[in-house]
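Asker: First the structure, which I've put down as structure tokens, then a few questions once you've had a look.
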Amino acid sequence: MADDKQNIEQHILATRVDVLYDRSKSAIISLLAISAVYIALQSNQYEWQYLASWYATLIVVMLGRWILTEWYTKKKNPTDSLSLWLKRFRFGILASGIMIGSLSMFFFPRENIYHQMLAILFPIGIAAGTVSMLPDIPSFFIYATTLMMPVVYQSAMIGDRLHLGISVLSFFLMLFFLKFSREFNENFVLSLQLRYENEGLVKDLQQEKNKLNNRLGRILNDSSNEIYVADANSLIFLQVNRGAVQNLGYSKDEFEGIHLLDIFADLDRISFDLLLQPLRDGHKEYVFHQGKNRRKDGSTYPVEARLQLSLQDNPPIIVATVQDITERSEWEKKLIYQANFDQLTGLVNRHYMQSHIINAFNRARRYKHKVALLFIDLDNFKTVNDTLGHDIGDEVLKQTANRIRSVLRESDTPARSGGDEFTILLEGLEQAHHVEIVASKLVSIFNKPLLVESREIYTTVSIGISIYPDDGQTADHIMQYADMAMYHAKEEGRNTYRFFSNEMCQSSEERMLIAGHLRHALDNNELSLAFQPKIDIINSRIVGAEALLRWNNPVLGNVPPNKFIPLAEEMGFIEKIGTWVLEASCREARKWQELSVKKLHVAVNISPQQFRAGTLLDAVDQALKSSGLPPEWLELEITESLLLQDTHKPIEILNALHNRDICLALDDFGTGYSSLSYLKLFPLQVLKIDRSFILGLMEDKNDRTLVEAIIAMAYSLNLEIVAEGVENKEQLEFLQKCGVGIVQGFLFSPPVRADEFRKMLLVDAEKEPGAANLSMVINNK
């Protein structure tokens, strides 16, 4: 390999030297000609004798270069090295450059601006013309500098602003020429390198071909491919190899009684002659045919045949080399299936659906029909997948696909786009509202639970719908709008469908705007905490508060938490924000202890993502340490979905928090997969009843029954009860009767700023036990 590389480098050097000398004669003639024109134009500026003397000297220099070129061409002395010839050429270039550059030194007009510009442009033009003529960087460097530096010098010597500028520009132009020459030379050398490498490869390949030809006879006989030699006229077999005998089941004697078309199952004489016609006309050396071969027992298998025709033989013969492509065909079918179908559900995938949508739009235009695209997303599927495991999640997706199929026509096309997202394409719609029937069926059928491994799993769907051509003219727009409508269905409560509308674009833009500002909210000190008091309704005293995150942005104003917190979770910001909330809450709670002799809890909501990140324990420890807050005064609120994760990690973290004497509360109980068995496993102290149940206490008997059941269950497990969202006296009285001791809600106070909450504590501290109803004190603060 080293020798090959050295040979290639020697070839490249030889070629470069050849090019330099090959171009020398034309360059010499051109230089003499343009120099003659130049001194003729400048003859009225200088004495002709001086100009003639200069031109005569130039002729002598050019004559020397011409002789050098002739000498190289004839190569009188073959022992001379290429590097020596290259040095000789560079010396000739140096002499030429000095001669042309001397014009600017000795004949530089200073009075006539037109002749002066001619004197500047003359060497620059010569330098520009030789950039791609000299495949040798040192040669061009010598030539360019000797040509242009006198111009740079003379222009600078004049000294005025214009000529100083010309001097600088000329210098940078020279640098540009040098850079371009370098790039040209690199490309020139690279092209030569590729050329000589390719020549070496061709030579090696030719040697290998000769070796292969010597082994051809043995290889053909040992080949597993079927090789047939048949009479080109009668198609009777003249010779077959061992592979043909083994694959087809005929003996060699039996081959003498059959012909080629007995083997090629899908060709007759007419189609076979048409296949061979390019060979008979001499347009091709061989043709391919992909079809089926028929065995002796009548079975067939896919093959690829390479057919050659030899008209020089007598009689003319056909040589057929046939390969069994059964395995390849199966792989191709499998690859096509994998490229177009989802392996889990058997539905077509996103790739297939995208091309199918375009074809459907073309049909819709032709027949004046409408096409509907439905984007379907399983509600809370991530919770199911994370809590019950991926095997259960996969089975949910399979059953989801089956349910979708069950409500569709044969002409409708369902697809799995990825994850828990599905799409449906409905064609041939006369009116846009026809799609509503399908959407309603889908929502309805998913209200029934899925049965997976004897377990009932409830998962609803959110559906977004866009219509072609009503909503858009391109597949990208229709898909984007269906996706947008689906997100609006989720935002409006899930378990429903929504048609796309232009207003949704504005909402999507708002979401992007919020996300952009949220990225910098923490660094810009835009986040703050509000605190909603937790009231002991037996003693009418404040026993703590829940810390609630607020965001005030200079551009967006006050952004509701239900808009920015889900976005923070999606974008991966919640861990950083959650750590800030912990630290700020602990610092504030430490101040409360100076205002009250009672132990006041601060309740902080924890996102499941903070558990999954694995940094929660460190964040809690740091918040307690930096604030000085005793751990028993901190309460962390977690959600039900965290308890259902199919992993030991959450319970390990919860046990570690419990061992630190931190209070653990289950937030929004009753809204998810509420289960007594899960509650028994975890070290919880507090159960919070979700505000959605409290809201309907007076109107909905089911809510009252459910709340009573939750309270009874909590007390049976020795859990403290907190009811949130209490807004009127009727709700408060009901909860008091049920034995609830701690509540929070607008009946007592909305979430307030930290300083306002501290004022409440001062008022509360001044009260005597059993004083008038606390709601009056707070609401009249």
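How things are named: the first chain in the structure tokens is A, the next is B, and so on; residues count from 1 in each chain; ligands count from 1 in the order shown.
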Could you find all residues in range 491-628 of chain A that DSSP calls strand (DSSP E or B) from the backbone, and write them as a PyMOL selection string?
Answerer: chain A and resi 496-499+527-536+541-553+557-559+601-605
Asker: Can you write out the residues you just picked, keeping C-alpha atoms, as a PDB file, in the first residue's frame?
Answerer:
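Result file selection_35.pdb:
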```pdb
ATOM      1  CA  THR A 496     -64.527  14.111  23.054  1.00  0.00           C
ATOM      2  CA  TYR A 497     -63.895  15.231  19.475  1.00  0.00           C
ATOM      3  CA  ARG A 498     -63.385  18.634  17.928  1.00  0.00           C
ATOM      4  CA  PHE A 499     -63.439  19.881  14.346  1.00  0.00           C
ATOM      5  CA  LEU A 527     -42.212  33.224  39.047  1.00  0.00           C
ATOM      6  CA  SER A 528     -43.717  33.742  42.491  1.00  0.00           C
ATOM      7  CA  LEU A 529     -45.675  31.815  45.104  1.00  0.00           C
ATOM      8  CA  ALA A 530     -49.173  32.352  46.436  1.00  0.00           C
ATOM      9  CA  PHE A 531     -50.369  30.649  49.606  1.00  0.00           C
ATOM     10  CA  GLN A 532     -53.894  29.357  50.314  1.00  0.00           C
ATOM     11  CA  PRO A 533     -54.551  28.890  54.026  1.00  0.00           C
ATOM     12  CA  LYS A 534     -55.482  25.476  55.409  1.00  0.00           C
ATOM     13  CA  ILE A 535     -58.042  25.887  58.178  1.00  0.00           C
ATOM     14  CA  ASP A 536     -58.690  23.769  61.231  1.00  0.00           C
ATOM     15  CA  ARG A 541     -57.318  28.368  63.309  1.00  0.00           C
ATOM     16  CA  ILE A 542     -54.798  28.429  60.427  1.00  0.00           C
ATOM     17  CA  VAL A 543     -52.682  25.280  60.495  1.00  0.00           C
ATOM     18  CA  GLY A 544     -50.661  25.873  57.341  1.00  0.00           C
ATOM     19  CA  ALA A 545     -50.951  26.732  53.684  1.00  0.00           C
ATOM     20  CA  GLU A 546     -50.540  25.217  50.253  1.00  0.00           C
ATOM     21  CA  ALA A 547     -47.865  26.866  48.083  1.00  0.00           C
ATOM     22  CA  LEU A 548     -49.217  27.587  44.601  1.00  0.00           C
ATOM     23  CA  LEU A 549     -47.031  28.660  41.705  1.00  0.00           C
ATOM     24  CA  ARG A 550     -47.807  31.885  39.846  1.00  0.00           C
ATOM     25  CA  TRP A 551     -46.230  33.426  36.723  1.00  0.00           C
ATOM     26  CA  ASN A 552     -46.396  37.075  35.748  1.00  0.00           C
ATOM     27  CA  ASN A 553     -44.717  37.829  32.441  1.00  0.00           C
ATOM     28  CA  GLY A 557     -49.300  39.164  31.969  1.00  0.00           C
ATOM     29  CA  ASN A 558     -50.552  36.644  34.528  1.00  0.00           C
ATOM     30  CA  VAL A 559     -50.492  33.220  32.910  1.00  0.00           C
ATOM     31  CA  HIS A 601     -47.156  23.130  57.566  1.00  0.00           C
ATOM     32  CA  VAL A 602     -46.318  24.345  54.087  1.00  0.00           C
ATOM     33  CA  ALA A 603     -47.691  21.980  51.411  1.00  0.00           C
ATOM     34  CA  VAL A 604     -45.754  21.777  48.135  1.00  0.00           C
ATOM     35  CA  ASN A 605     -47.004  19.969  45.031  1.00  0.00           C
TER      36      ASN A 605
END
```
Asker: Could you list, as a PDB file with N, CA, C and O atoms, in the first residue's frame, every residue within 12 Å of Ile126 in chain A, counting only C-alpha atoms and ignoring same-chain residues fewer than 2 positions away?
Answerer:
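Saved file out_13.pdb follows:
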```pdb
ATOM      1  N   ALA A  27       1.495  30.481 -23.111  1.00  0.00           N
ATOM      2  CA  ALA A  27       1.612  31.583 -22.156  1.00  0.00           C
ATOM      3  C   ALA A  27       2.679  32.584 -22.603  1.00  0.00           C
ATOM      4  O   ALA A  27       2.509  33.804 -22.475  1.00  0.00           O
ATOM      5  N   ILE A  28       3.792  32.089 -23.159  1.00  0.00           N
ATOM      6  CA  ILE A  28       4.877  32.967 -23.626  1.00  0.00           C
ATOM      7  C   ILE A  28       4.389  33.847 -24.764  1.00  0.00           C
ATOM      8  O   ILE A  28       4.604  35.069 -24.789  1.00  0.00           O
ATOM      9  N   SER A  30       1.276  34.617 -25.557  1.00  0.00           N
ATOM     10  CA  SER A  30       0.253  35.551 -25.087  1.00  0.00           C
ATOM     11  C   SER A  30       0.885  36.717 -24.336  1.00  0.00           C
ATOM     12  O   SER A  30       0.490  37.878 -24.518  1.00  0.00           O
ATOM     13  N   LEU A  31       1.879  36.428 -23.516  1.00  0.00           N
ATOM     14  CA  LEU A  31       2.506  37.475 -22.717  1.00  0.00           C
ATOM     15  C   LEU A  31       3.254  38.467 -23.607  1.00  0.00           C
ATOM     16  O   LEU A  31       3.192  39.686 -23.382  1.00  0.00           O
ATOM     17  N   LEU A  32       3.935  37.981 -24.641  1.00  0.00           N
ATOM     18  CA  LEU A  32       4.629  38.880 -25.565  1.00  0.00           C
ATOM     19  C   LEU A  32       3.642  39.771 -26.313  1.00  0.00           C
ATOM     20  O   LEU A  32       3.874  40.966 -26.513  1.00  0.00           O
ATOM     21  N   ILE A  34       0.403  40.661 -25.428  1.00  0.00           N
ATOM     22  CA  ILE A  34      -0.282  41.690 -24.627  1.00  0.00           C
ATOM     23  C   ILE A  34       0.701  42.725 -24.107  1.00  0.00           C
ATOM     24  O   ILE A  34       0.339  43.890 -23.913  1.00  0.00           O
ATOM     25  N   SER A  35       1.958  42.322 -23.914  1.00  0.00           N
ATOM     26  CA  SER A  35       2.963  43.299 -23.483  1.00  0.00           C
ATOM     27  C   SER A  35       3.242  44.292 -24.594  1.00  0.00           C
ATOM     28  O   SER A  35       3.454  45.493 -24.353  1.00  0.00           O
ATOM     29  N   TYR A  38       0.489  46.701 -24.601  1.00  0.00           N
ATOM     30  CA  TYR A  38       0.563  47.581 -23.444  1.00  0.00           C
ATOM     31  C   TYR A  38       1.586  48.701 -23.655  1.00  0.00           C
ATOM     32  O   TYR A  38       1.302  49.880 -23.394  1.00  0.00           O
ATOM     33  N   SER A  96       9.899  35.959 -15.466  1.00  0.00           N
ATOM     34  CA  SER A  96       8.766  36.580 -16.166  1.00  0.00           C
ATOM     35  C   SER A  96       8.054  37.562 -15.258  1.00  0.00           C
ATOM     36  O   SER A  96       7.691  38.678 -15.678  1.00  0.00           O
ATOM     37  N   GLY A  97       7.813  37.164 -13.994  1.00  0.00           N
ATOM     38  CA  GLY A  97       7.117  38.048 -13.071  1.00  0.00           C
ATOM     39  C   GLY A  97       7.891  39.317 -12.804  1.00  0.00           C
ATOM     40  O   GLY A  97       7.317  40.411 -12.711  1.00  0.00           O
ATOM     41  N   ILE A 100       7.515  41.691 -15.860  1.00  0.00           N
ATOM     42  CA  ILE A 100       6.221  42.386 -15.937  1.00  0.00           C
ATOM     43  C   ILE A 100       6.085  43.341 -14.759  1.00  0.00           C
ATOM     44  O   ILE A 100       5.607  44.474 -14.905  1.00  0.00           O
ATOM     45  N   GLY A 101       6.521  42.916 -13.563  1.00  0.00           N
ATOM     46  CA  GLY A 101       6.412  43.782 -12.395  1.00  0.00           C
ATOM     47  C   GLY A 101       7.267  45.018 -12.521  1.00  0.00           C
ATOM     48  O   GLY A 101       6.939  46.074 -11.976  1.00  0.00           O
ATOM     49  N   ALA A 119      -1.925  50.873 -16.070  1.00  0.00           N
ATOM     50  CA  ALA A 119      -0.722  50.310 -15.464  1.00  0.00           C
ATOM     51  C   ALA A 119      -1.070  49.418 -14.263  1.00  0.00           C
ATOM     52  O   ALA A 119      -0.372  48.447 -13.963  1.00  0.00           O
ATOM     53  N   ILE A 120      -2.154  49.754 -13.577  1.00  0.00           N
ATOM     54  CA  ILE A 120      -2.587  48.945 -12.426  1.00  0.00           C
ATOM     55  C   ILE A 120      -3.265  47.666 -12.888  1.00  0.00           C
ATOM     56  O   ILE A 120      -3.013  46.559 -12.390  1.00  0.00           O
ATOM     57  N   LEU A 121      -4.152  47.800 -13.887  1.00  0.00           N
ATOM     58  CA  LEU A 121      -4.961  46.649 -14.333  1.00  0.00           C
ATOM     59  C   LEU A 121      -4.133  45.636 -15.111  1.00  0.00           C
ATOM     60  O   LEU A 121      -4.456  44.440 -15.127  1.00  0.00           O
ATOM     61  N   PHE A 122      -3.056  46.072 -15.771  1.00  0.00           N
ATOM     62  CA  PHE A 122      -2.278  45.175 -16.625  1.00  0.00           C
ATOM     63  C   PHE A 122      -1.697  43.998 -15.826  1.00  0.00           C
ATOM     64  O   PHE A 122      -1.953  42.831 -16.163  1.00  0.00           O
ATOM     65  N   PRO A 123      -0.935  44.223 -14.763  1.00  0.00           N
ATOM     66  CA  PRO A 123      -0.395  43.066 -14.010  1.00  0.00           C
ATOM     67  C   PRO A 123      -1.490  42.288 -13.274  1.00  0.00           C
ATOM     68  O   PRO A 123      -1.399  41.069 -13.121  1.00  0.00           O
ATOM     69  N   ILE A 124      -2.518  43.015 -12.811  1.00  0.00           N
ATOM     70  CA  ILE A 124      -3.607  42.313 -12.109  1.00  0.00           C
ATOM     71  C   ILE A 124      -4.311  41.353 -13.062  1.00  0.00           C
ATOM     72  O   ILE A 124      -4.630  40.214 -12.719  1.00  0.00           O
ATOM     73  N   ALA A 128      -4.708  37.356 -12.711  1.00  0.00           N
ATOM     74  CA  ALA A 128      -6.015  36.690 -12.699  1.00  0.00           C
ATOM     75  C   ALA A 128      -6.081  35.597 -13.747  1.00  0.00           C
ATOM     76  O   ALA A 128      -6.662  34.530 -13.529  1.00  0.00           O
ATOM     77  N   GLY A 129      -5.477  35.856 -14.889  1.00  0.00           N
ATOM     78  CA  GLY A 129      -5.539  34.887 -15.982  1.00  0.00           C
ATOM     79  C   GLY A 129      -4.738  33.641 -15.724  1.00  0.00           C
ATOM     80  O   GLY A 129      -4.986  32.601 -16.345  1.00  0.00           O
ATOM     81  N   THR A 130      -3.763  33.727 -14.831  1.00  0.00           N
ATOM     82  CA  THR A 130      -2.907  32.551 -14.589  1.00  0.00           C
ATOM     83  C   THR A 130      -3.293  31.796 -13.326  1.00  0.00           C
ATOM     84  O   THR A 130      -2.625  30.828 -12.962  1.00  0.00           O
ATOM     85  N   VAL A 131      -4.358  32.209 -12.626  1.00  0.00           N
ATOM     86  CA  VAL A 131      -4.770  31.539 -11.396  1.00  0.00           C
ATOM     87  C   VAL A 131      -4.986  30.054 -11.632  1.00  0.00           C
ATOM     88  O   VAL A 131      -4.532  29.196 -10.885  1.00  0.00           O
ATOM     89  N   SER A 132      -5.711  29.742 -12.716  1.00  0.00           N
ATOM     90  CA  SER A 132      -6.036  28.338 -12.990  1.00  0.00           C
ATOM     91  C   SER A 132      -5.121  27.736 -14.054  1.00  0.00           C
ATOM     92  O   SER A 132      -5.411  26.653 -14.559  1.00  0.00           O
ATOM     93  N   MET A 133      -4.055  28.444 -14.401  1.00  0.00           N
ATOM     94  CA  MET A 133      -3.139  27.939 -15.418  1.00  0.00           C
ATOM     95  C   MET A 133      -1.898  27.294 -14.808  1.00  0.00           C
ATOM     96  O   MET A 133      -1.172  26.581 -15.492  1.00  0.00           O
ATOM     97  N   PHE A 140       2.733  30.016  -8.660  1.00  0.00           N
ATOM     98  CA  PHE A 140       1.773  31.117  -8.730  1.00  0.00           C
ATOM     99  C   PHE A 140       2.106  32.183  -7.693  1.00  0.00           C
ATOM    100  O   PHE A 140       1.934  33.384  -7.943  1.00  0.00           O
ATOM    101  N   TYR A 143       4.797  34.283  -9.114  1.00  0.00           N
ATOM    102  CA  TYR A 143       4.304  35.088 -10.228  1.00  0.00           C
ATOM    103  C   TYR A 143       3.411  36.229  -9.739  1.00  0.00           C
ATOM    104  O   TYR A 143       3.555  37.381 -10.157  1.00  0.00           O
ATOM    105  N   ALA A 144       2.464  35.886  -8.824  1.00  0.00           N
ATOM    106  CA  ALA A 144       1.500  36.891  -8.365  1.00  0.00           C
ATOM    107  C   ALA A 144       2.180  37.999  -7.579  1.00  0.00           C
ATOM    108  O   ALA A 144       1.854  39.183  -7.743  1.00  0.00           O
ATOM    109  N   THR A 145       3.109  37.631  -6.711  1.00  0.00           N
ATOM    110  CA  THR A 145       3.754  38.669  -5.897  1.00  0.00           C
ATOM    111  C   THR A 145       4.660  39.567  -6.726  1.00  0.00           C
ATOM    112  O   THR A 145       4.704  40.787  -6.517  1.00  0.00           O
ATOM    113  N   THR A 146       5.410  38.997  -7.670  1.00  0.00           N
ATOM    114  CA  THR A 146       6.291  39.840  -8.498  1.00  0.00           C
ATOM    115  C   THR A 146       5.484  40.721  -9.436  1.00  0.00           C
ATOM    116  O   THR A 146       5.946  41.807  -9.834  1.00  0.00           O
ATOM    117  N   LEU A 147       4.292  40.292  -9.813  1.00  0.00           N
ATOM    118  CA  LEU A 147       3.429  41.104 -10.679  1.00  0.00           C
ATOM    119  C   LEU A 147       2.752  42.236  -9.901  1.00  0.00           C
ATOM    120  O   LEU A 147       2.703  43.380 -10.361  1.00  0.00           O
ATOM    121  N   MET A 148       2.213  41.914  -8.714  1.00  0.00           N
ATOM    122  CA  MET A 148       1.287  42.844  -8.080  1.00  0.00           C
ATOM    123  C   MET A 148       1.908  43.686  -6.965  1.00  0.00           C
ATOM    124  O   MET A 148       1.382  44.754  -6.643  1.00  0.00           O
ATOM    125  N   MET A 174      -4.535  40.358  -4.357  1.00  0.00           N
ATOM    126  CA  MET A 174      -3.457  39.383  -4.527  1.00  0.00           C
ATOM    127  C   MET A 174      -3.640  38.198  -3.567  1.00  0.00           C
ATOM    128  O   MET A 174      -3.456  37.038  -3.951  1.00  0.00           O
ATOM    129  N   PHE A 177      -6.293  35.976  -4.930  1.00  0.00           N
ATOM    130  CA  PHE A 177      -5.777  35.135  -6.022  1.00  0.00           C
ATOM    131  C   PHE A 177      -4.986  33.949  -5.466  1.00  0.00           C
ATOM    132  O   PHE A 177      -5.100  32.823  -5.954  1.00  0.00           O
TER     133      PHE A 177
END
```
Asker: Within 10 Å of range 632-636 of chain A, counting only C-alpha atoms, which residues show up once you throw out same-chain ones fewer than 4 positions away? Write them as a PyMOL selection string, please.
Answerer: chain A and resi 544-546+582+585-586+589-590+593+599-606+620+624+654+657-658+660-667+685-686
Asker: If you run DSSP on the backbone here, which positions in range 221-379 of chain A get alpha helix (DSSP H)? Please write them as JSON, numbers by chain.
Answerer: {"A": [221, 222, 242, 243, 244, 245, 246, 247, 248, 252, 253, 254, 255, 260, 261, 262, 263, 269, 270, 271, 272, 273, 274, 275, 276, 277, 278, 279, 280, 326, 327, 328, 329, 330, 331, 332, 333, 334, 335, 336, 337, 338, 339, 340, 350, 351, 352, 353, 354, 355, 356, 357, 358, 359, 360, 361, 362, 363, 364, 365, 366, 367]}
Asker: Give me the residues of range 301-372 of chain A that have any atom at most 7 Å from an atom of range 416-428 of chain A; for each, the nearest atom pair and the distance in Å, rounded to one decimal. Use only C-alpha atoms, sort by chain and number, and format it as CSV.
Answerer:
```
residue,atom,partner,partner_atom,distance
A:Asp342,CA,A:Arg416,CA,6.6
A:Leu347,CA,A:Arg416,CA,6.0
A:Val348,CA,A:Arg416,CA,6.4
A:Asn349,CA,A:Arg416,CA,5.2
A:Arg350,CA,A:Ser417,CA,4.7
A:Ala360,CA,A:Glu427,CA,6.9
A:His369,CA,A:Gly428,CA,5.4
A:Lys370,CA,A:Gly428,CA,6.1
A:Val371,CA,A:Glu427,CA,4.8
A:Ala372,CA,A:Leu426,CA,5.0
```
Asker: Save the residues we just selected, C-alpha atoms, as an mmCIF file, in the first residue's frame?
Answerer:
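As a result, out-v3.cif now contains:
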```cif
data_model
loop_
_atom_site.group_PDB
_atom_site.id
_atom_site.type_symbol
_atom_site.label_atom_id
_atom_site.label_comp_id
_atom_site.auth_asym_id
_atom_site.auth_seq_id
_atom_site.Cartn_x
_atom_site.Cartn_y
_atom_site.Cartn_z
ATOM 1 C CA ASP A 342 -47.064 -0.944 12.392
ATOM 2 C CA LEU A 347 -52.355 -0.979 11.086
ATOM 3 C CA VAL A 348 -50.623 1.017 8.373
ATOM 4 C CA ASN A 349 -48.021 3.422 9.712
ATOM 5 C CA ARG A 350 -47.431 7.154 9.358
ATOM 6 C CA ALA A 360 -57.073 10.216 -1.485
ATOM 7 C CA HIS A 369 -65.974 14.369 -2.662
ATOM 8 C CA LYS A 370 -64.636 15.349 0.734
ATOM 9 C CA VAL A 371 -61.989 13.582 2.788
ATOM 10 C CA ALA A 372 -61.826 13.631 6.583
#
```
Asker: Restricting the calculation to only C-alpha atoms: of A:Glu226, A:Asp379, A:Asp281, A:Asp471, which residue gets closest to Val322 in chain A?
Answerer: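 Of A:Glu226, A:Asp379, A:Asp281, A:Asp471, the one nearest Val322 in chain A is A:Glu226, counting only C-alpha atoms.
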Asker: For CA of Leu68 in chain A and CA of Val189 in chain A, determine how far apart the two atoms are, in Å to one decimal place.
Answerer: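 Distance reported for this atom pair: 24.3 Å.
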Asker: Mind checking which residues fall within 10 Å of Phe381 in chain A, counting only C-alpha atoms, ignoring those fewer than 4 positions away in the same chain, and posting them as a VMD selection string?
Answerer: chain A and resid 377 385 to 387 393 396 to 397 419 to 421 458 to 461
Asker: Write out, as a short mmCIF file (atom, residue, chain, number, x, y, z; two decimals), in the first residue's frame, the residues just selected, with N, CA and C atoms.
Answerer:
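Once everything was written out, this is again04.cif:
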```cif
data_model
loop_
_atom_site.label_atom_id
_atom_site.label_comp_id
_atom_site.auth_asym_id
_atom_site.auth_seq_id
_atom_site.Cartn_x
_atom_site.Cartn_y
_atom_site.Cartn_z
N ASP A 377 -55.95 10.38 20.03
CA ASP A 377 -54.93 10.22 21.06
C ASP A 377 -55.59 9.58 22.28
N ASN A 385 -49.16 3.21 30.81
CA ASN A 385 -47.90 2.59 30.40
C ASN A 385 -46.87 2.64 31.52
N ASP A 386 -46.78 3.78 32.21
CA ASP A 386 -45.79 3.93 33.27
C ASP A 386 -46.16 3.14 34.52
N THR A 387 -47.46 3.05 34.80
CA THR A 387 -47.88 2.43 36.05
C THR A 387 -48.07 0.93 35.94
N GLY A 393 -49.34 -1.89 28.33
CA GLY A 393 -49.53 -0.78 27.38
C GLY A 393 -49.62 -1.27 25.95
N VAL A 396 -52.99 -2.74 25.38
CA VAL A 396 -53.99 -1.66 25.26
C VAL A 396 -53.99 -1.09 23.83
N LEU A 397 -52.79 -0.91 23.27
CA LEU A 397 -52.70 -0.38 21.90
C LEU A 397 -53.29 -1.35 20.89
N GLY A 419 -46.54 5.92 19.09
CA GLY A 419 -46.93 6.04 20.50
C GLY A 419 -48.38 5.66 20.68
N ASP A 420 -49.15 6.55 21.29
CA ASP A 420 -50.58 6.30 21.51
C ASP A 420 -51.45 7.13 20.57
N GLU A 421 -50.89 7.50 19.43
CA GLU A 421 -51.62 8.31 18.46
C GLU A 421 -52.01 7.47 17.24
N TYR A 458 -59.57 1.68 32.02
CA TYR A 458 -60.39 2.73 31.41
C TYR A 458 -59.47 3.73 30.72
N THR A 459 -59.70 3.91 29.45
CA THR A 459 -58.96 4.94 28.71
C THR A 459 -59.87 5.51 27.64
N THR A 460 -60.02 6.78 27.64
CA THR A 460 -60.88 7.43 26.65
C THR A 460 -60.02 7.98 25.52
N VAL A 461 -60.68 8.60 24.53
CA VAL A 461 -59.95 9.15 23.39
C VAL A 461 -60.31 10.61 23.19
#
```
Asker: Would you kindly return, as a ChimeraX atom specification, each protein, DNA or RNA residue with an atom no farther than 7 Å from any atom of Leu260 in chain A, considering only C-alpha atoms and excluding same-chain residues fewer than 3 positions away?
Answerer: /A:235-237,263-264
Asker: Using only C-alpha atoms, determine which residues lie at most 6 Å from Leu248 in chain A, disregarding the query and same-chain residues fewer than 2 positions distant; provide the list as a list in words.
Answerer: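 Skipping anything fewer than 2 positions along the chain leaves Ala244, Val245, Gln246, Tyr250, Arg295 and Lys296 of chain A.
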Asker: Any chance you could export the current selection's N, CA and C atoms as a CSV table (one decimal), in the first residue's frame?
Answerer:
```csv
chain,number,residue,atom,x,y,z
A,244,ALA,N,-29.6,-27.2,-11.5
A,244,ALA,CA,-30.9,-27.3,-12.2
A,244,ALA,C,-31.5,-28.7,-11.8
A,245,VAL,N,-30.7,-29.7,-11.8
A,245,VAL,CA,-31.2,-31.0,-11.5
A,245,VAL,C,-31.8,-31.1,-10.1
A,246,GLN,N,-31.0,-30.5,-9.2
A,246,GLN,CA,-31.4,-30.6,-7.8
A,246,GLN,C,-32.7,-29.8,-7.5
A,250,TYR,N,-35.9,-33.0,-12.0
A,250,TYR,CA,-35.7,-33.9,-13.2
A,250,TYR,C,-34.3,-34.5,-13.2
A,295,ARG,N,-41.5,-26.8,-11.0
A,295,ARG,CA,-40.7,-28.1,-10.7
A,295,ARG,C,-41.4,-29.3,-11.4
A,296,LYS,N,-40.8,-30.4,-11.3
A,296,LYS,CA,-41.4,-31.6,-11.9
A,296,LYS,C,-42.7,-32.0,-11.2
```
Asker: If you count only C-alpha atoms, which residues fall within 7 Å of Asn185 in chain A, apart from same-chain ones fewer than 6 positions away, as a VMD selection string?
Answerer: chain A and resid 135 to 137
Asker: Create the file for the chosen residues now, containing N, CA and C atoms and written as an mmCIF file, in the first residue's frame.
Answerer:
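Saved to out_8.cif:
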```cif
data_model
loop_
_atom_site.group_PDB
_atom_site.id
_atom_site.type_symbol
_atom_site.label_atom_id
_atom_site.label_comp_id
_atom_site.auth_asym_id
_atom_site.auth_seq_id
_atom_site.Cartn_x
_atom_site.Cartn_y
_atom_site.Cartn_z
ATOM 1 N N PRO A 135 -0.742 24.774 -12.047
ATOM 2 C CA PRO A 135 -1.048 23.788 -10.998
ATOM 3 C C PRO A 135 0.143 23.589 -10.057
ATOM 4 N N ASP A 136 0.686 24.709 -9.567
ATOM 5 C CA ASP A 136 1.813 24.654 -8.639
ATOM 6 C C ASP A 136 1.750 25.914 -7.783
ATOM 7 N N ILE A 137 1.453 25.745 -6.513
ATOM 8 C CA ILE A 137 1.216 26.891 -5.631
ATOM 9 C C ILE A 137 2.449 27.792 -5.531
#
```
Asker: From the list A:Ile158, A:Leu309, A:Val168, A:Val763, which residue is nearest Lys284 in chain A when using only C-alpha atoms?
Answerer: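 Smallest distance to Lys284 in chain A is found for A:Leu309.
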Asker: Distance CA of Asp262 in chain A-CA of Asn247 in chain A, one decimal place?
Answerer: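 Computed distance, CA of Asp262 in chain A to CA of Asn247 in chain A, equals 14.2 Å.
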